[in-house]
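K.L.:
So I've got this file, entry_23.cif, and it contains mmCIF, C-alpha atoms:
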```cif
data_target
loop_
_atom_site.label_atom_id
_atom_site.label_comp_id
_atom_site.auth_asym_id
_atom_site.auth_seq_id
_atom_site.Cartn_x
_atom_site.Cartn_y
_atom_site.Cartn_z
CA MET A 1097 -8.43 -82.75 120.63
CA ILE A 1098 -5.83 -80.66 122.39
CA SER A 1099 -3.08 -82.21 120.30
CA SER A 1100 -4.89 -81.38 117.04
CA ARG A 1101 -5.33 -77.75 118.15
CA LEU A 1102 -1.64 -77.55 118.95
CA ASN A 1103 -0.76 -78.91 115.52
CA ARG A 1104 -3.00 -76.33 113.80
CA SER A 1105 -1.48 -73.50 115.87
CA HIS A 1106 2.03 -74.61 114.86
CA GLY A 1107 1.01 -74.79 111.15
CA HIS A 1108 -0.08 -71.12 110.84
CA PRO A 1109 3.46 -69.62 111.06
CA ALA A 1110 4.74 -72.15 108.52
CA ARG A 1111 2.01 -71.27 106.01
CA LEU A 1112 2.60 -67.54 106.62
CA ALA A 1113 6.32 -67.93 105.99
CA GLY A 1114 5.67 -69.89 102.78
CA SER A 1115 3.29 -67.26 101.40
CA THR A 1116 5.75 -64.47 102.28
CA LEU A 1117 8.56 -66.29 100.47
CA ALA A 1118 6.36 -66.78 97.40
CA ALA A 1119 5.43 -63.08 97.36
CA VAL A 1120 9.10 -62.08 97.60
CA CYS A 1121 10.00 -64.39 94.70
CA CYS A 1122 7.20 -62.94 92.54
CA ILE A 1123 8.33 -59.37 93.23
CA ALA A 1124 11.95 -60.29 92.44
CA ALA A 1125 10.90 -61.97 89.20
CA LEU A 1126 9.00 -58.86 88.14
CA MET A 1127 11.90 -56.56 89.02
CA PHE A 1128 14.53 -58.73 87.31
CA PRO A 1129 12.81 -60.42 84.34
CA CYS A 1130 16.05 -61.43 82.59
CA PHE A 1131 17.77 -62.85 85.70
CA ASN A 1132 18.06 -66.58 86.18
CA PHE A 1133 17.92 -67.17 89.93
CA VAL A 1134 18.93 -70.82 89.55
CA ALA A 1135 22.08 -70.10 87.54
CA GLY A 1136 22.74 -66.80 89.28
CA ARG A 1137 23.14 -64.79 86.03
CA HIS A 1138 21.13 -63.11 83.28
CA SER A 1139 19.46 -65.55 80.94
CA PRO A 1140 19.85 -64.92 77.20
CA ALA A 1141 16.65 -66.84 76.54
CA ALA A 1142 14.66 -64.36 78.64
CA ALA A 1143 16.12 -61.43 76.74
CA SER A 1144 15.65 -62.99 73.33
CA GLY A 1145 12.50 -60.96 72.69
CA GLY A 1146 14.42 -57.69 72.79
CA SER A 1147 17.20 -59.13 70.66
CA VAL A 1148 14.73 -60.26 68.01
CA ALA A 1149 13.16 -56.81 67.95
CA LEU A 1150 16.56 -55.16 67.58
CA ARG A 1151 17.54 -57.54 64.78
CA ALA A 1152 14.27 -56.83 62.96
CA PHE A 1153 14.85 -53.07 63.32
CA GLY A 1154 18.38 -53.41 61.99
CA GLN A 1155 17.26 -55.48 59.00
CA GLY A 1156 14.50 -53.00 58.17
CA LYS A 1157 16.92 -50.07 58.34
CA LYS A 1158 19.41 -51.91 56.14
CA ALA A 1159 16.71 -52.69 53.59
CA ALA A 1160 15.65 -49.03 53.54
CA LEU A 1161 19.23 -47.92 52.90
CA GLU A 1162 19.72 -50.47 50.13
CA ALA A 1163 16.40 -49.68 48.42
CA PRO A 1164 16.83 -47.86 45.09
CA VAL A 1165 16.05 -44.13 45.20
CA ARG A 1166 13.75 -42.85 42.50
CA ARG A 1167 15.16 -40.14 40.28
CA GLN A 1168 12.24 -37.79 40.97
CA ASP A 1169 12.92 -38.06 44.72
CA MET A 1170 16.58 -37.03 44.44
CA GLN A 1171 17.53 -33.45 45.19
CA ARG A 1172 19.27 -31.92 42.20
CA GLN A 1173 22.56 -30.40 43.25
CA MET A 1174 23.87 -27.08 42.00
CA PRO A 1175 26.84 -27.17 39.60
CA GLU A 1176 30.24 -27.49 41.22
CA GLY A 1177 31.76 -24.12 41.99
CA MET A 1178 28.50 -22.26 42.61
CA LYS A 1179 29.21 -21.67 46.27
CA ARG A 1180 27.92 -18.58 48.01
CA GLN A 1181 31.13 -17.98 49.96
CA MET A 1182 33.15 -18.04 46.76
CA MET A 1183 30.69 -15.89 44.81
CA LYS A 1184 30.77 -13.25 47.55
CA ARG A 1185 34.48 -12.74 46.88
CA MET A 1186 34.01 -12.31 43.13
CA PRO A 1187 33.76 -8.87 41.44
CA ARG A 1188 30.46 -7.32 42.46
CA THR A 1189 27.44 -7.07 40.19
CA THR A 1190 25.26 -3.96 39.94
CA TYR A 1191 21.95 -5.32 38.65
CA ASP A 1192 18.93 -3.08 39.17
CA THR A 1193 15.46 -4.36 40.11
CA GLU A 1194 14.24 -4.66 36.51
CA GLU A 1195 17.29 -6.67 35.46
CA MET A 1196 16.83 -9.03 38.40
CA MET A 1197 13.13 -9.45 37.60
CA ARG A 1198 13.94 -10.49 34.02
CA ARG A 1199 16.65 -12.91 35.11
CA ILE A 1200 14.50 -14.45 37.86
CA THR A 1201 11.62 -15.02 35.45
CA THR A 1202 13.98 -16.56 32.90
CA VAL A 1203 15.41 -18.98 35.45
CA LEU A 1204 11.99 -20.06 36.76
CA ILE A 1205 10.64 -20.52 33.22
CA LYS A 1206 13.62 -22.72 32.44
CA ASN A 1207 12.80 -24.84 35.47
CA ILE A 1208 9.06 -24.88 34.81
CA ASP A 1209 9.07 -28.66 34.19
CA GLU A 1210 11.07 -29.21 37.42
CA LYS A 1211 13.76 -31.22 35.63
CA TRP A 1212 16.59 -28.70 35.44
CA ARG A 1213 17.06 -27.75 39.11
CA ASP A 1214 15.59 -28.74 42.45
CA ALA A 1215 12.00 -27.41 42.44
CA PRO A 1216 10.46 -25.27 43.72
CA MET A 1217 13.64 -23.20 43.71
CA LYS A 1218 15.04 -21.66 46.87
CA THR A 1219 15.92 -17.97 46.98
CA LEU A 1220 19.63 -18.74 47.38
CA ASP A 1221 19.61 -20.99 44.31
CA ILE A 1222 17.93 -18.26 42.29
CA MET A 1223 20.56 -15.77 43.45
CA LYS A 1224 23.27 -18.05 42.14
CA GLU A 1225 21.52 -18.81 38.85
CA ILE A 1226 20.90 -15.17 37.92
CA GLY A 1227 24.59 -14.43 38.45
CA LEU A 1228 24.67 -12.25 41.57
CA GLN A 1229 28.16 -11.67 42.94
CA GLY A 1230 29.89 -9.54 45.52
CA TYR A 1231 27.74 -7.52 47.90
CA GLN A 1232 24.54 -8.37 46.01
CA ILE A 1233 24.77 -12.01 47.04
CA LYS A 1234 25.87 -11.35 50.62
CA THR A 1235 22.35 -10.39 51.64
CA LYS A 1236 18.87 -11.01 50.25
CA LYS A 1237 17.63 -7.43 50.52
CA TYR A 1238 18.48 -6.75 46.85
CA ILE A 1239 16.80 -9.78 45.35
CA ASN A 1240 13.82 -9.63 47.72
CA LYS A 1241 12.66 -6.39 46.07
CA ALA A 1242 12.58 -8.08 42.66
CA LEU A 1243 10.90 -11.18 44.07
CA MET A 1244 8.20 -9.14 45.81
CA MET A 1245 7.55 -7.12 42.64
CA LEU A 1246 7.09 -10.32 40.64
CA GLN A 1247 4.89 -11.82 43.33
CA GLY A 1248 2.65 -8.75 43.39
CA GLN A 1249 2.17 -8.96 39.59
CA LYS A 1250 1.43 -12.72 39.83
CA VAL A 1251 4.42 -13.68 37.74
CA ILE A 1252 5.88 -15.95 40.41
CA HIS A 1253 4.35 -17.69 43.42
CA LYS A 1254 5.78 -18.36 46.86
CA VAL A 1255 5.26 -22.08 47.40
CA LYS A 1256 6.89 -22.54 50.80
CA GLN A 1257 7.89 -20.25 53.63
CA ASN A 1258 10.78 -21.97 55.39
CA PRO A 1259 12.92 -22.11 53.37
CA VAL A 1260 11.25 -19.78 50.87
CA ARG A 1261 10.73 -21.50 47.51
CA TRP A 1262 9.43 -20.03 44.26
CA GLU A 1263 7.85 -21.15 41.00
CA ILE A 1264 6.04 -19.58 38.04
CA HIS A 1265 2.50 -18.43 38.94
CA GLU A 1266 -0.38 -20.37 37.43
CA SER A 1267 -1.98 -17.23 36.02
CA TYR A 1268 1.29 -16.33 34.25
CA ARG A 1269 1.68 -19.74 32.63
CA GLU A 1270 -2.03 -20.04 31.82
CA LYS A 1271 -1.69 -18.67 28.26
CA GLY A 1272 1.89 -19.77 27.73
CA VAL A 1273 5.17 -18.31 28.87
CA PRO A 1274 7.52 -16.16 26.77
CA PRO A 1275 10.39 -17.91 24.96
CA ILE A 1276 13.78 -18.06 26.65
CA SER A 1277 17.27 -18.68 25.34
CA GLN A 1278 18.48 -22.28 25.29
CA GLU A 1279 22.10 -21.23 24.77
CA ARG A 1280 24.21 -22.32 27.70
CA ARG A 1281 26.77 -19.56 27.16
CA ASP A 1282 24.11 -16.82 27.10
CA PRO A 1283 20.99 -18.01 28.95
CA PHE A 1284 19.57 -14.48 29.24
CA ALA A 1285 19.80 -13.54 25.55
CA LEU A 1286 15.99 -13.18 25.23
CA LYS A 1287 15.35 -11.41 28.52
CA HIS A 1288 14.34 -8.24 26.63
CA LEU A 1289 11.13 -10.03 25.58
CA LEU A 1290 9.91 -10.10 29.18
CA LYS A 1291 7.61 -7.18 29.98
CA PHE A 1292 6.19 -6.25 33.38
CA LYS A 1293 3.49 -3.87 34.55
CA SER A 1294 5.90 -2.08 36.87
CA THR A 1295 9.59 -2.29 37.67
CA THR A 1296 9.79 0.54 40.22
CA VAL A 1297 9.66 -0.33 43.91
CA PRO A 1298 6.85 1.63 45.62
CA LYS A 1299 7.95 4.22 48.11
CA TYR A 1300 5.20 3.38 50.62
CA GLY A 1301 3.39 0.20 51.48
CA PRO A 1302 4.33 -3.44 50.86
CA ILE A 1303 6.24 -4.14 47.67
CA HIS A 1304 4.02 -7.11 46.72
CA GLY A 1305 0.92 -4.96 47.19
CA LYS A 1306 -0.76 -7.13 49.84
#
```
Written as structure tokens, that's how I'd like the structure from this file.
P.N.:
Amino acid sequence: MISSRLNRSHGHPARLAGSTLAAVCCIAALMFPCFNFVAGRHSPAAASGGSVALRAFGQGKKAALEAPVRRQDMQRQMPEGMKRQMMKRMPRTTYDTEEMMRRITTVLIKNIDEKWRDAPMKTLDIMKEIGLQGYQIKTKKYINKALMMLQGQKVIHKVKQNPVRWEIHESYREKGVPPISQERRDPFALKHLLKFKSTTVPKYGPIHGK
């Protein structure tokens, strides 16, 4: 009886040490999941899950890059040489508000089917297409007056805000748009056919009337 009690009393520390060792091994395995304690180094088999995920990501990215791009999704670039920095150094233009309004409308009518230039057209692209040079293309304060006048008369519509993009207003194209010149050397030959309610910037209040 006494001997059996002594044996049980000696067994408690052994079981306690074994459970402590098992707990330490479990914590170490959780902290170092890719470490092989038998070999004393990281196991590639344990890290294979991450490698497979990385390979799958790389293959998907490669497939996306190699996929054909649809023509309608491509951004149409401006003709070579139509750079703002270069056009600022050219002889300056002196277009008034009415002239800019006619040229802007002509350009947007030409791009009404969204096949000629990137659409809706950005303000900077319109500045280049209507032929602004010198100080008139350095800042947007000159063209903004013409754009606001056209917007107030519902000739053009602001589609986006940042960057600002423009297109022909639905109410203006509802009954058909005026004809424009198809001559590449003189694209504004028929601009005199464009008539507007007003071409004078108001002295007070917002230019677009809203």
K.L.:
Measure the distance from atom CA of Tyr1238 of chain A to atom CA of Thr1193 of chain A in Å and round it to one decimal.
P.N.:
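Going from atom CA of Tyr1238 of chain A over to atom CA of Thr1193 of chain A covers 7.8 Å.
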K.L.:
Between atom CA of Met1183 of chain A and atom CA of Thr1295 of chain A, what distance in Å does the model show, to one decimal?
P.N.:
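Value for the atom CA of Met1183 of chain A-atom CA of Thr1295 of chain A distance: 26.1 Å.
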K.L.:
Would you work out the distance separating atom CA of Val1203 of chain A from atom CA of Tyr1300 of chain A, expressed in Å to one decimal?
P.N.:
28.9 Å
K.L.:
Pick out the closest residue to Glu1263 of chain A from this set: A:Met1196, A:Leu1246, A:Val1120, A:Ala1215. Count only C-alpha atoms.
P.N.:
A:Ala1215
K.L.:
Return as an MDAnalysis selection string the set of residues that the PyMOL selection byres ((chain A and resi 1292) around 10) yields on the displayed structure.
P.N.:
chainID A and resid 1194 1197:1198 1245:1246 1249 1251 1289:1291 1293:1295
K.L.:
From the options A:Lys1234, A:Lys1299, A:Lys1224, A:His1304, which residue's atoms come nearest to Arg1199 of chain A, counting all atoms listed in the file?
P.N.:
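Going through A:Lys1234, A:Lys1299, A:Lys1224, A:His1304 one by one, the smallest distance to Arg1199 of chain A is for A:Lys1224.
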K.L.:
Step by step: start from the point (26.4, -6.3, 36.9) in the file's coordinates, keep every protein, DNA or RNA residue that has an atom no farther than 9 Å from it, count only C-alpha atoms, and write the set as a PDB file with C-alpha atoms, keeping the file's coordinate frame.
P.N.:
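Okay, out02.pdb is ready:
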```
ATOM      1  CA  ARG A1188      30.460  -7.320  42.460  1.00  0.00           C
ATOM      2  CA  THR A1189      27.440  -7.070  40.190  1.00  0.00           C
ATOM      3  CA  THR A1190      25.260  -3.960  39.940  1.00  0.00           C
ATOM      4  CA  TYR A1191      21.950  -5.320  38.650  1.00  0.00           C
ATOM      5  CA  ASP A1192      18.930  -3.080  39.170  1.00  0.00           C
ATOM      6  CA  GLY A1227      24.590 -14.430  38.450  1.00  0.00           C
ATOM      7  CA  LEU A1228      24.670 -12.250  41.570  1.00  0.00           C
ATOM      8  CA  GLN A1229      28.160 -11.670  42.940  1.00  0.00           C
TER       9      GLN A1229
END
```
K.L.:
Applied to the shown file, which residues does the PyMOL selection byres ((chain A and resi 1214) around 9) return, written as a PDB file with C-alpha atoms, keeping the file's coordinate frame?
P.N.:
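See result-v7.pdb below for the written result:
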```pdb
ATOM      1  CA  MET A1170      16.580 -37.030  44.440  1.00  0.00           C
ATOM      2  CA  GLN A1171      17.530 -33.450  45.190  1.00  0.00           C
ATOM      3  CA  ARG A1172      19.270 -31.920  42.200  1.00  0.00           C
ATOM      4  CA  GLN A1173      22.560 -30.400  43.250  1.00  0.00           C
ATOM      5  CA  MET A1174      23.870 -27.080  42.000  1.00  0.00           C
ATOM      6  CA  ASN A1207      12.800 -24.840  35.470  1.00  0.00           C
ATOM      7  CA  GLU A1210      11.070 -29.210  37.420  1.00  0.00           C
ATOM      8  CA  LYS A1211      13.760 -31.220  35.630  1.00  0.00           C
ATOM      9  CA  TRP A1212      16.590 -28.700  35.440  1.00  0.00           C
ATOM     10  CA  ARG A1213      17.060 -27.750  39.110  1.00  0.00           C
ATOM     11  CA  ALA A1215      12.000 -27.410  42.440  1.00  0.00           C
ATOM     12  CA  PRO A1216      10.460 -25.270  43.720  1.00  0.00           C
ATOM     13  CA  MET A1217      13.640 -23.200  43.710  1.00  0.00           C
ATOM     14  CA  LYS A1218      15.040 -21.660  46.870  1.00  0.00           C
ATOM     15  CA  ASP A1221      19.610 -20.990  44.310  1.00  0.00           C
TER      16      ASP A1221
END
```
K.L.:
From (4.6, -17.1, 25.6), in the file's coordinates, out to 12 Å: which residues are reached, counting all atoms listed in the file? Answer as an NGL selection string.
P.N.:
:A and (1202 or 1205 or 1268-1276 or 1289-1291)
K.L.:
For each of A:Ile1226, A:Ser1277, A:Ile1208, A:Phe1284, take the minimum atom-to-atom distance to Ile1252 of chain A, counting all atoms listed in the file, then give the residue where this is smallest.
P.N.:
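Among the listed residues, the smallest separation from Ile1252 of chain A belongs to A:Ile1208.
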